[in-house]
>>> print(open('my_file.tsv').read())   # TSV, C-alpha atoms
chain	number	residue	atom	x	y	z
A	14	MET	CA	27.05	-3.97	15.36
A	15	PRO	CA	23.87	-3.82	17.43
A	16	ALA	CA	20.45	-3.65	15.84
A	17	VAL	CA	19.17	-0.31	14.59
A	18	SER	CA	15.77	0.15	16.24
A	19	THR	CA	15.34	3.91	15.96
A	20	GLY	CA	16.64	6.87	14.01
A	21	LYS	CA	16.77	7.89	10.35
A	22	VAL	CA	17.11	5.58	7.35
A	23	LEU	CA	18.20	6.70	3.89
A	24	VAL	CA	16.17	4.93	1.18
A	25	THR	CA	17.59	5.37	-2.31
A	26	GLY	CA	15.27	5.36	-5.31
A	27	ALA	CA	12.39	5.90	-2.90
A	28	ASN	CA	9.70	6.24	-5.59
A	29	GLY	CA	10.33	2.74	-6.98
A	30	TYR	CA	7.95	-0.23	-6.76
A	31	ILE	CA	9.79	-1.98	-3.91
A	32	ALA	CA	11.26	1.16	-2.38
A	33	VAL	CA	7.96	2.91	-1.71
A	34	TRP	CA	6.82	-0.11	0.32
A	35	VAL	CA	10.16	-0.03	2.15
A	36	VAL	CA	9.51	3.61	3.01
A	37	LYS	CA	6.02	2.74	4.28
A	38	SER	CA	7.30	-0.18	6.37
A	39	LEU	CA	10.01	1.97	7.93
A	40	LEU	CA	7.63	4.82	8.73
A	41	ASP	CA	5.10	2.37	10.19
A	42	ALA	CA	7.90	0.98	12.39
A	43	GLY	CA	8.66	4.45	13.77
A	44	PHE	CA	11.77	5.32	11.75
A	45	ALA	CA	12.38	8.66	10.13
A	46	VAL	CA	13.12	8.32	6.41
A	47	CYS	CA	15.14	10.34	3.96
A	48	GLY	CA	14.15	9.15	0.49
A	49	THR	CA	16.05	10.00	-2.68
A	50	VAL	CA	14.43	10.41	-6.08
A	51	ARG	CA	15.91	11.42	-9.42
A	52	SER	CA	13.74	14.50	-10.01
A	53	GLU	CA	11.48	16.84	-8.10
A	54	SER	CA	8.50	15.65	-10.17
A	55	LYS	CA	8.88	12.20	-8.60
A	56	ALA	CA	8.87	13.58	-5.06
A	57	SER	CA	5.34	15.01	-4.86
A	58	HIS	CA	3.61	11.62	-4.92
A	59	LEU	CA	5.66	10.43	-1.95
A	60	ARG	CA	4.94	13.57	0.03
A	61	THR	CA	1.22	13.17	-0.70
A	62	ILE	CA	0.75	9.51	0.24
A	63	PHE	CA	2.90	9.81	3.36
A	64	ALA	CA	1.64	13.25	4.45
A	65	SER	CA	0.28	11.83	7.73
A	66	PHE	CA	3.85	11.11	8.87
A	67	GLY	CA	4.73	14.81	8.76
A	68	ASP	CA	8.40	15.60	9.09
A	69	LYS	CA	9.27	11.93	9.61
A	70	LEU	CA	9.70	11.82	5.81
A	71	GLU	CA	12.18	13.91	3.87
A	72	VAL	CA	12.42	13.56	0.08
A	73	VAL	CA	15.55	14.81	-1.70
A	74	VAL	CA	16.69	14.81	-5.32
A	75	VAL	CA	19.76	12.84	-6.45
A	76	ASP	CA	19.56	13.17	-10.21
A	77	ASP	CA	22.46	10.85	-11.10
A	78	ILE	CA	23.36	7.99	-8.73
A	79	THR	CA	26.47	7.18	-10.77
A	80	LYS	CA	28.20	10.46	-9.88
A	81	VAL	CA	31.01	10.30	-7.33
A	82	GLY	CA	29.69	11.62	-4.05
A	83	ALA	CA	26.08	11.60	-5.25
A	84	PHE	CA	24.79	10.72	-1.78
A	85	ASP	CA	27.35	12.65	0.29
A	86	ALA	CA	24.97	15.39	1.39
A	87	HIS	CA	22.38	12.91	2.65
A	88	VAL	CA	24.27	10.22	4.58
A	89	ALA	CA	25.96	12.20	7.34
A	90	ASP	CA	23.00	12.12	9.74
A	91	VAL	CA	21.47	8.72	8.95
A	92	ASP	CA	21.64	5.55	11.05
A	93	ALA	CA	21.15	3.06	8.19
A	94	ILE	CA	20.87	2.87	4.41
A	95	ALA	CA	18.34	0.84	2.38
A	96	HIS	CA	19.82	0.95	-1.12
A	97	THR	CA	17.09	0.09	-3.64
A	98	ALA	CA	17.96	2.41	-6.54
A	99	SER	CA	18.87	0.26	-9.53
A	100	PRO	CA	17.30	0.09	-13.00
A	101	PHE	CA	15.06	-2.91	-13.80
A	102	HIS	CA	13.90	-3.10	-17.40
A	103	LEU	CA	14.65	-5.41	-20.30
A	104	LYS	CA	15.08	-2.73	-22.96
A	105	ALA	CA	18.79	-2.02	-22.59
A	106	ASP	CA	20.95	-2.42	-25.68
A	107	GLU	CA	24.39	-2.28	-24.08
A	108	PRO	CA	24.84	-4.26	-20.81
A	109	ASP	CA	26.53	-1.21	-19.27
A	110	GLU	CA	23.21	0.65	-19.43
A	111	LEU	CA	22.20	-1.51	-16.45
A	112	ILE	CA	25.57	-2.53	-15.01
A	113	ILE	CA	27.11	0.92	-14.52
A	114	PRO	CA	24.22	2.51	-12.59
A	115	ALA	CA	23.77	-0.69	-10.56
A	116	VAL	CA	27.43	-0.92	-9.52
A	117	GLN	CA	28.16	2.79	-9.15
A	118	GLY	CA	24.83	3.38	-7.43
A	119	THR	CA	25.71	0.69	-4.88
A	120	LEU	CA	29.22	1.96	-4.18
A	121	GLY	CA	28.09	5.58	-3.94
A	122	PRO	CA	26.25	5.44	-0.62
A	123	LEU	CA	28.69	2.89	0.83
A	124	VAL	CA	31.63	5.26	0.55
A	125	LEU	CA	30.04	7.35	3.24
A	126	ASN	CA	28.50	4.95	4.98
A	127	GLU	CA	24.37	-17.27	1.06
A	128	ALA	CA	27.01	-19.34	-1.19
A	129	ASP	CA	25.64	-19.29	-4.75
A	130	TRP	CA	26.36	-16.49	-7.15
A	131	ASN	CA	25.03	-15.89	-10.67
A	132	ASP	CA	28.32	-15.64	-12.50
A	133	GLU	CA	26.93	-17.24	-15.66
A	134	ASP	CA	24.93	-14.21	-16.69
A	135	VAL	CA	27.86	-11.90	-15.98
A	136	VAL	CA	30.01	-13.92	-18.39
A	137	THR	CA	27.20	-14.08	-20.97
A	138	ALA	CA	26.51	-10.36	-20.80
A	139	ARG	CA	30.19	-9.58	-21.29
A	140	GLU	CA	30.62	-12.08	-24.12
A	141	LYS	CA	27.43	-11.25	-26.04
A	142	GLY	CA	27.19	-7.56	-25.22
A	143	ARG	CA	24.20	-6.01	-26.99
A	144	ALA	CA	23.10	-9.46	-28.20
A	145	ALA	CA	22.58	-10.77	-24.65
A	146	GLU	CA	18.96	-11.15	-23.53
A	147	GLY	CA	17.64	-8.24	-21.49
A	148	VAL	CA	17.02	-10.37	-18.41
A	149	MET	CA	20.65	-11.57	-18.51
A	150	LYS	CA	21.95	-8.00	-18.61
A	151	TYR	CA	19.77	-7.11	-15.64
A	152	ARG	CA	20.84	-10.12	-13.57
A	153	ALA	CA	24.48	-9.47	-14.42
A	154	SER	CA	24.11	-5.91	-13.13
A	155	LYS	CA	22.69	-7.13	-9.82
A	156	SER	CA	25.44	-9.74	-9.33
A	157	LEU	CA	28.21	-7.26	-10.07
A	158	ALA	CA	26.65	-4.60	-7.84
A	159	GLU	CA	26.50	-6.95	-4.87
A	160	ARG	CA	30.03	-8.24	-5.40
A	161	ALA	CA	31.21	-4.64	-5.52
A	162	ALA	CA	29.52	-3.94	-2.19
A	163	TRP	CA	31.10	-6.94	-0.43
A	164	ALA	CA	34.49	-6.15	-1.97
A	165	PHE	CA	34.25	-2.61	-0.64
A	166	VAL	CA	33.46	-3.85	2.88
A	167	ASP	CA	36.30	-6.41	2.82
A	168	LYS	CA	38.80	-3.84	1.56
A	169	GLU	CA	37.88	-1.17	4.09
A	170	ASN	CA	37.84	-3.58	7.05
A	171	ALA	CA	41.19	-5.05	6.02
A	172	ALA	CA	42.76	-1.60	5.76
A	173	GLY	CA	41.43	-0.68	9.21
A	174	PRO	CA	40.04	0.63	11.31
A	175	ALA	CA	36.97	-1.55	10.87
A	176	LEU	CA	33.89	0.10	9.42
A	177	GLY	CA	31.37	1.32	11.96
A	178	TRP	CA	28.44	-0.31	10.17
A	179	ASP	CA	27.38	-3.69	8.78
A	180	LEU	CA	26.31	-4.67	5.27
A	181	VAL	CA	23.16	-6.77	4.80
A	182	VAL	CA	22.09	-7.78	1.28
A	183	LEU	CA	18.51	-8.87	0.59
A	184	ASN	CA	18.14	-10.86	-2.64
A	185	PRO	CA	14.59	-11.22	-3.97
A	186	PRO	CA	13.55	-13.01	-7.16
A	187	PHE	CA	10.61	-11.54	-9.12
A	188	VAL	CA	8.60	-9.11	-7.01
A	189	PHE	CA	4.81	-8.98	-7.34
A	190	GLY	CA	1.90	-7.52	-5.36
A	191	PRO	CA	-0.04	-4.28	-5.00
A	192	PHE	CA	1.75	-1.00	-5.42
A	193	LEU	CA	2.00	2.42	-3.86
A	194	HIS	CA	4.11	4.24	-6.43
A	195	GLU	CA	2.48	6.58	-8.91
A	196	VAL	CA	1.16	4.86	-12.05
A	197	ALA	CA	-1.53	6.21	-14.39
A	198	LYS	CA	-2.28	3.09	-16.47
A	199	PRO	CA	-1.27	-0.60	-16.65
A	200	GLU	CA	1.07	0.03	-19.53
A	201	ASP	CA	3.17	2.26	-17.26
A	202	LEU	CA	3.64	-0.34	-14.52
A	203	ASN	CA	7.17	-1.36	-13.57
A	204	GLN	CA	8.52	-4.46	-15.35
A	205	SER	CA	7.39	-7.23	-12.96
A	206	ALA	CA	3.96	-5.71	-12.19
A	207	HIS	CA	3.45	-5.02	-15.90
A	208	ASP	CA	4.16	-8.64	-16.78
A	209	TRP	CA	1.88	-9.89	-13.98
A	210	TYR	CA	-1.00	-7.72	-15.16
A	211	PHE	CA	-0.79	-8.71	-18.81
A	212	ASN	CA	0.06	-12.39	-18.24
A	213	VAL	CA	-2.55	-12.94	-15.51
A	214	VAL	CA	-5.33	-10.41	-15.95
A	215	LYS	CA	-5.10	-10.23	-19.73
A	216	CYS	CA	-3.79	-13.81	-20.12
A	217	ALA	CA	-1.35	-12.73	-22.83
A	218	LEU	CA	0.59	-16.02	-22.97
A	219	ASP	CA	-0.59	-19.13	-24.79
A	220	ASP	CA	-1.54	-22.32	-22.90
A	221	GLU	CA	1.85	-23.97	-23.36
A	222	ALA	CA	3.74	-20.95	-22.09
A	223	ARG	CA	1.44	-20.50	-19.09
A	224	ALA	CA	2.13	-24.08	-17.97
A	225	ASN	CA	5.86	-24.05	-18.66
A	226	VAL	CA	7.16	-20.52	-18.20
A	227	GLY	CA	7.92	-18.67	-15.00
A	228	TYR	CA	9.01	-15.49	-16.74
A	229	VAL	CA	8.58	-14.26	-20.30
A	230	ALA	CA	12.28	-14.38	-21.13
A	231	VAL	CA	13.03	-17.70	-19.42
A	232	GLN	CA	11.60	-21.05	-20.50
A	233	THR	CA	11.47	-22.40	-16.96
A	234	ALA	CA	9.84	-21.73	-13.60
A	235	GLY	CA	10.10	-18.50	-11.72
A	236	SER	CA	10.15	-17.60	-8.04
A	237	PHE	CA	8.52	-14.63	-6.38
A	238	VAL	CA	8.18	-12.58	-3.25
A	239	ASP	CA	5.41	-10.18	-2.34
A	240	VAL	CA	6.58	-6.57	-2.50
A	241	ARG	CA	5.35	-6.01	1.08
A	242	ASP	CA	7.48	-8.92	2.33
A	243	ILE	CA	10.70	-7.65	0.78
A	244	ALA	CA	9.86	-4.23	2.23
A	245	GLN	CA	9.36	-5.72	5.70
A	246	ALA	CA	12.65	-7.59	5.32
A	247	HIS	CA	14.41	-4.23	5.05
A	248	VAL	CA	12.98	-3.20	8.42
A	249	LEU	CA	13.75	-6.54	10.08
A	250	ALA	CA	17.34	-6.39	8.78
A	251	LEU	CA	17.76	-3.26	10.89
A	252	LEU	CA	16.06	-4.66	13.96
A	253	LYS	CA	17.73	-8.11	14.10
A	254	PRO	CA	21.39	-8.13	15.24
A	255	ASP	CA	21.93	-11.60	13.74
A	256	ALA	CA	21.34	-10.17	10.28
A	257	ALA	CA	24.62	-8.23	10.37
A	258	GLY	CA	26.98	-9.21	7.56
A	259	SER	CA	24.44	-11.50	5.88
A	260	ARG	CA	23.23	-12.01	2.35
A	261	LEU	CA	19.69	-13.37	2.51
A	262	ILE	CA	17.39	-14.88	-0.09
A	263	ILE	CA	13.97	-13.26	0.26
A	264	SER	CA	11.78	-15.60	-1.80
A	265	SER	CA	8.34	-17.03	-1.11
A	266	ASP	CA	7.68	-19.79	-3.65
A	267	ALA	CA	8.29	-21.06	-7.17
A	268	TYR	CA	5.62	-20.62	-9.85
A	269	LYS	CA	4.52	-21.08	-13.41
A	270	TRP	CA	2.33	-18.32	-14.81
A	271	GLN	CA	-0.68	-20.66	-14.74
A	272	ASP	CA	-0.41	-20.77	-10.93
A	273	TRP	CA	-1.21	-17.07	-10.88
A	274	VAL	CA	-3.94	-17.44	-13.52
A	275	ASN	CA	-5.58	-20.20	-11.42
A	276	ALA	CA	-5.46	-18.07	-8.28
A	277	ALA	CA	-6.87	-15.04	-10.07
A	278	HIS	CA	-9.67	-16.99	-11.76
A	279	LYS	CA	-10.68	-18.54	-8.44
A	280	ILE	CA	-10.96	-15.11	-6.87
A	281	GLU	CA	-12.47	-13.34	-9.89
A	282	PRO	CA	-14.25	-15.90	-12.14
A	283	SER	CA	-14.67	-13.30	-14.90
A	284	LEU	CA	-10.90	-13.45	-15.50
A	285	PRO	CA	-9.54	-16.03	-17.99
A	286	ALA	CA	-9.12	-19.62	-16.77
A	287	GLY	CA	-6.06	-20.14	-18.95
A	288	ASN	CA	-4.65	-23.65	-19.32
A	289	THR	CA	-7.23	-25.82	-17.52
A	290	SER	CA	-5.13	-28.96	-18.05
A	291	TYR	CA	-2.29	-27.59	-15.92
A	292	ASP	CA	-1.43	-29.69	-12.83
A	293	ARG	CA	1.03	-28.07	-10.45
A	294	SER	CA	1.81	-31.42	-8.79
A	295	LYS	CA	3.25	-32.59	-12.11
A	296	ALA	CA	5.02	-29.36	-13.00
A	297	ILE	CA	8.82	-29.31	-13.10
A	298	PHE	CA	10.62	-26.58	-11.20
A	299	PRO	CA	14.31	-26.80	-12.22
A	300	SER	CA	15.45	-24.48	-9.46
A	301	THR	CA	14.01	-23.25	-6.19
A	302	TYR	CA	15.34	-21.03	-3.44
A	303	ASP	CA	16.03	-21.99	0.17
A	304	HIS	CA	14.56	-19.17	2.22
A	305	SER	CA	15.07	-20.81	5.61
A	306	ARG	CA	17.79	-18.35	6.60
A	307	ALA	CA	15.48	-15.40	6.07
A	308	ILE	CA	12.89	-17.07	8.28
A	309	THR	CA	15.29	-17.98	11.08
A	310	THR	CA	17.35	-14.78	10.97
A	311	LEU	CA	14.64	-12.23	10.35
A	312	GLY	CA	11.53	-14.05	11.51
A	313	LEU	CA	9.99	-13.17	8.15
A	314	LYS	CA	6.63	-14.65	7.15
A	315	PHE	CA	5.98	-14.97	3.43
A	316	ARG	CA	2.69	-14.31	1.65
A	317	THR	CA	1.39	-17.05	-0.65
A	318	ILE	CA	0.46	-16.88	-4.34
A	319	ALA	CA	-3.21	-16.75	-3.31
A	320	GLU	CA	-2.67	-13.91	-0.83
A	321	THR	CA	-0.63	-11.82	-3.22
A	322	THR	CA	-3.13	-12.41	-6.02
A	323	LYS	CA	-6.10	-11.38	-3.88
A	324	ASP	CA	-4.54	-8.10	-2.79
A	325	THR	CA	-3.20	-7.29	-6.25
A	326	LEU	CA	-6.60	-7.81	-7.87
A	327	GLU	CA	-8.22	-5.62	-5.22
A	328	ASP	CA	-5.69	-2.92	-6.07
A	329	PHE	CA	-6.34	-3.22	-9.81
A	330	LYS	CA	-10.11	-3.18	-9.25
A	331	ALA	CA	-9.88	-0.02	-7.15
A	332	ARG	CA	-8.01	1.62	-10.04
A	333	GLY	CA	-10.66	0.54	-12.57
A	334	TRP	CA	-8.27	-1.82	-14.35
A	335	LEU	CA	-10.45	-4.95	-14.11
>>> encode(input="my_file.tsv", output="structure tokens")
Amino acid sequence: MPAVSTGKVLVTGANGYIAVWVVKSLLDAGFAVCGTVRSESKASHLRTIFASFGDKLEVVVVDDITKVGAFDAHVADVDAIAHTASPFHLKADEPDELIIPAVQGTLGPLVLNEADWNDEDVVTAREKGRAAEGVMKYRASKSLAERAAWAFVDKENAAGPALGWDLVVLNPPFVFGPFLHEVAKPEDLNQSAHDWYFNVVKCALDDEARANVGYVAVQTAGSFVDVRDIAQAHVLALLKPDAAGSRLIISSDAYKWQDWVNAAHKIEPSLPAGNTSYDRSKAIFPSTYDHSRAITTLGLKFRTIAETTKDTLEDFKARGWL
């Protein structure tokens, strides 16, 4: 299909950390946006911060994304869908608390509308059930949701006639950066921003963990993308014809928590210095992501750890959290 350069885009879960930046990026690019939220109380903040766009933004309530036909009333007049609604927290007991809304929420809008896969966590979540680590349950839900989306497309195209739209999947690792969604205090931040605040600003981890951990539940390195970059990737996926039918890794760089602490301390010396013996050149990063396809296909430019840190600290300072 050709690129989508104008028209209306449905953004599911529009009040979420990533989604609200997707909404902003789309509106800035001239698109009209229909954003779904789960309750009317979550809609007012979006209407307030995007008031200058007037009727370019419509916010509607979809209280349960797992219901059959949940999005039916809102997809008939849209030109594209940015599906971001999926739970991300590490507090689930049963894996299905994350898997069912992730999979059903992905298939819902589709009904009207690279080579590695994380199968290990899917197997682990199914085998261990409630005993599986929270992060494994979450990652299993994302893998199963994406596989369900591709399976749907393959099935419908094989049955014919071919679908009149293309699927593009954007796969980010941990997402950090400033935020637009409504939050009253640091404790209420979404999972990734919450961990960034307490591990970087409050330096909650010990020296060994800061130098060796990339996420609290994984004794290894992590990878990140700035929330504004993953939002911009959603816009570029509409504008670039070559993106059609692609799954793209949207990842900036690998990190240990001390990389963020170093960046923050350099910008704001009053913040903790953390593990001063840490040397990134000697750090071991067991896995990294190849983001070359996102760069060549979308023309995406990634923000660095330093850039994301600077803007995030400015955001926290403006909120009186530093």
>>> atom_distance(input="my_file.tsv", atom1="CA of Val46 (chain A)", atom2="CA of Val24 (chain A)")
6.9 Å
>>> closest_atom_pairs(input="my_file.tsv", of="region 173-285 of chain A", to="region 310-332 of chain A", cutoff="10 Å", atoms="all atoms listed in the file", output="CSV")
residue,atom,partner,partner_atom,distance
A:Phe189,CA,A:Thr321,CA,7.4
A:Gly190,CA,A:Thr325,CA,5.2
A:Pro191,CA,A:Thr325,CA,4.5
A:Phe192,CA,A:Asp328,CA,7.7
A:Leu193,CA,A:Asp328,CA,9.6
A:Val196,CA,A:Arg332,CA,9.9
A:Ala197,CA,A:Arg332,CA,9.1
A:Lys198,CA,A:Arg332,CA,8.7
A:Pro199,CA,A:Phe329,CA,8.9
A:Ala206,CA,A:Thr325,CA,9.4
A:Trp209,CA,A:Thr325,CA,9.6
A:Tyr210,CA,A:Phe329,CA,8.8
A:Val213,CA,A:Thr322,CA,9.5
A:Val214,CA,A:Leu326,CA,8.6
A:Phe237,CA,A:Ile318,CA,8.6
A:Val238,CA,A:Phe315,CA,7.4
A:Asp239,CA,A:Thr321,CA,6.3
A:Val240,CA,A:Thr321,CA,8.9
A:Arg241,CA,A:Arg316,CA,8.7
A:Asp242,CA,A:Phe315,CA,6.3
A:Ile243,CA,A:Phe315,CA,9.1
A:Gln245,CA,A:Leu313,CA,7.9
A:Ala246,CA,A:Leu313,CA,6.8
A:His247,CA,A:Leu311,CA,9.6
A:Val248,CA,A:Leu311,CA,9.4
A:Leu249,CA,A:Leu311,CA,5.8
A:Ala250,CA,A:Leu311,CA,6.6
A:Leu251,CA,A:Leu311,CA,9.5
A:Leu252,CA,A:Leu311,CA,8.5
A:Lys253,CA,A:Leu311,CA,6.4
A:Pro254,CA,A:Thr310,CA,8.9
A:Asp255,CA,A:Thr310,CA,6.2
A:Ala256,CA,A:Thr310,CA,6.1
A:Ala257,CA,A:Thr310,CA,9.8
A:Ser259,CA,A:Thr310,CA,9.3
A:Leu261,CA,A:Thr310,CA,8.9
A:Ile263,CA,A:Phe315,CA,8.8
A:Ser264,CA,A:Phe315,CA,7.8
A:Ser265,CA,A:Phe315,CA,5.5
A:Asp266,CA,A:Thr317,CA,7.5
A:Ala267,CA,A:Ile318,CA,9.3
A:Tyr268,CA,A:Ile318,CA,8.4
A:Asp272,CA,A:Ile318,CA,7.7
A:Trp273,CA,A:Ile318,CA,6.8
A:Val274,CA,A:Thr322,CA,9.1
A:Asn275,CA,A:Ala319,CA,9.1
A:Ala276,CA,A:Ala319,CA,5.6
A:Ala277,CA,A:Thr322,CA,6.1
A:His278,CA,A:Thr322,CA,9.8
A:Lys279,CA,A:Ala319,CA,9.2
A:Ile280,CA,A:Lys323,CA,6.8
A:Glu281,CA,A:Leu326,CA,8.3
>>> atom_distance(input="my_file.tsv", atom1="CA of Val136 (chain A)", atom2="CA of Val188 (chain A)")
24.7 Å
>>> closest_residue(input="my_file.tsv", among="A:Arg139, A:Leu176, A:Gly43, A:Asp129", to="Arg160 (chain A)", atoms="all atoms listed in the file")
A:Asp129
>>> closest_residue(input="my_file.tsv", among="A:Lys168, A:His207, A:His304, A:His96", to="Ala32 (chain A)", atoms="only C-alpha atoms")
A:His96
>>> closest_residue(input="my_file.tsv", among="A:Leu23, A:Asn212, A:Lys69, A:Arg60", to="Gly48 (chain A)", atoms="only C-alpha atoms")
A:Leu23
>>> atom_distance(input="my_file.tsv", atom1="CA of Phe63 (chain A)", atom2="CA of Lys37 (chain A)")
7.8 Å
>>> closest_residue(input="my_file.tsv", among="A:Asp208, A:Asp167, A:Asp90, A:Asp292", to="Gly20 (chain A)", atoms="only C-alpha atoms")
A:Asp90
>>> axis_aligned_box(input="my_file.tsv", around="region 190-206 of chain A", padding_each_side="3 Å", output="lines of an AutoDock Vina configuration file")
center_x = 3.1
center_y = -0.5
center_z = -11.7
size_x = 16.8
size_y = 20.1
size_z = 21.7
>>> closest_residue(input="my_file.tsv", among="A:Gly287, A:Pro174, A:Gly227, A:Gly29", to="Pro299 (chain A)", atoms="only C-alpha atoms")
A:Gly227
>>> closest_residue(input="my_file.tsv", among="A:Ala145, A:Ala222, A:Ala175, A:Val74", to="Glu53 (chain A)", atoms="all atoms listed in the file")
A:Val74
>>> residues_near_point(input="my_file.tsv", point="(9.3, -20.7, -16.6)", cutoff="12 Å", atoms="all atoms listed in the file", output="PyMOL selection string")
chain A and resi 187+218+221-237+267-272+296-301
>>> build_atoms(input="my_file.tsv", residues="region 170-181 of chain A", atoms="N, CA and C atoms", output="PDB file, keeping the file's coordinate frame")
ATOM      1  N   ASN A 170      37.588  -2.936   5.755  1.00  0.00           N
ATOM      2  CA  ASN A 170      37.840  -3.580   7.050  1.00  0.00           C
ATOM      3  C   ASN A 170      39.274  -4.093   7.148  1.00  0.00           C
ATOM      4  N   ALA A 171      39.813  -4.558   6.017  1.00  0.00           N
ATOM      5  CA  ALA A 171      41.190  -5.050   6.020  1.00  0.00           C
ATOM      6  C   ALA A 171      42.183  -3.917   6.207  1.00  0.00           C
ATOM      7  N   ALA A 172      41.865  -2.753   5.651  1.00  0.00           N
ATOM      8  CA  ALA A 172      42.760  -1.600   5.760  1.00  0.00           C
ATOM      9  C   ALA A 172      42.735  -1.021   7.163  1.00  0.00           C
ATOM     10  N   GLY A 173      41.584  -1.170   7.850  1.00  0.00           N
ATOM     11  CA  GLY A 173      41.430  -0.680   9.210  1.00  0.00           C
ATOM     12  C   GLY A 173      41.408   0.836   9.298  1.00  0.00           C
ATOM     13  N   PRO A 174      40.823   1.393  10.321  1.00  0.00           N
ATOM     14  CA  PRO A 174      40.040   0.630  11.310  1.00  0.00           C
ATOM     15  C   PRO A 174      38.761   0.073  10.703  1.00  0.00           C
ATOM     16  N   ALA A 175      38.165  -0.899  11.398  1.00  0.00           N
ATOM     17  CA  ALA A 175      36.970  -1.550  10.870  1.00  0.00           C
ATOM     18  C   ALA A 175      35.844  -0.540  10.681  1.00  0.00           C
ATOM     19  N   LEU A 176      35.044  -0.760   9.675  1.00  0.00           N
ATOM     20  CA  LEU A 176      33.890   0.100   9.420  1.00  0.00           C
ATOM     21  C   LEU A 176      32.956   0.099  10.618  1.00  0.00           C
ATOM     22  N   GLY A 177      32.296   1.203  10.830  1.00  0.00           N
ATOM     23  CA  GLY A 177      31.370   1.320  11.960  1.00  0.00           C
ATOM     24  C   GLY A 177      29.964   0.917  11.625  1.00  0.00           C
ATOM     25  N   TRP A 178      29.776   0.151  10.561  1.00  0.00           N
ATOM     26  CA  TRP A 178      28.440  -0.310  10.170  1.00  0.00           C
ATOM     27  C   TRP A 178      28.562  -1.684   9.513  1.00  0.00           C
ATOM     28  N   ASP A 179      27.423  -2.358   9.385  1.00  0.00           N
ATOM     29  CA  ASP A 179      27.380  -3.690   8.780  1.00  0.00           C
ATOM     30  C   ASP A 179      26.619  -3.654   7.460  1.00  0.00           C
ATOM     31  N   LEU A 180      27.031  -4.510   6.535  1.00  0.00           N
ATOM     32  CA  LEU A 180      26.310  -4.670   5.270  1.00  0.00           C
ATOM     33  C   LEU A 180      25.373  -5.864   5.364  1.00  0.00           C
ATOM     34  N   VAL A 181      24.132  -5.681   4.947  1.00  0.00           N
ATOM     35  CA  VAL A 181      23.160  -6.770   4.800  1.00  0.00           C
ATOM     36  C   VAL A 181      22.604  -6.669   3.396  1.00  0.00           C
TER      37      VAL A 181
END
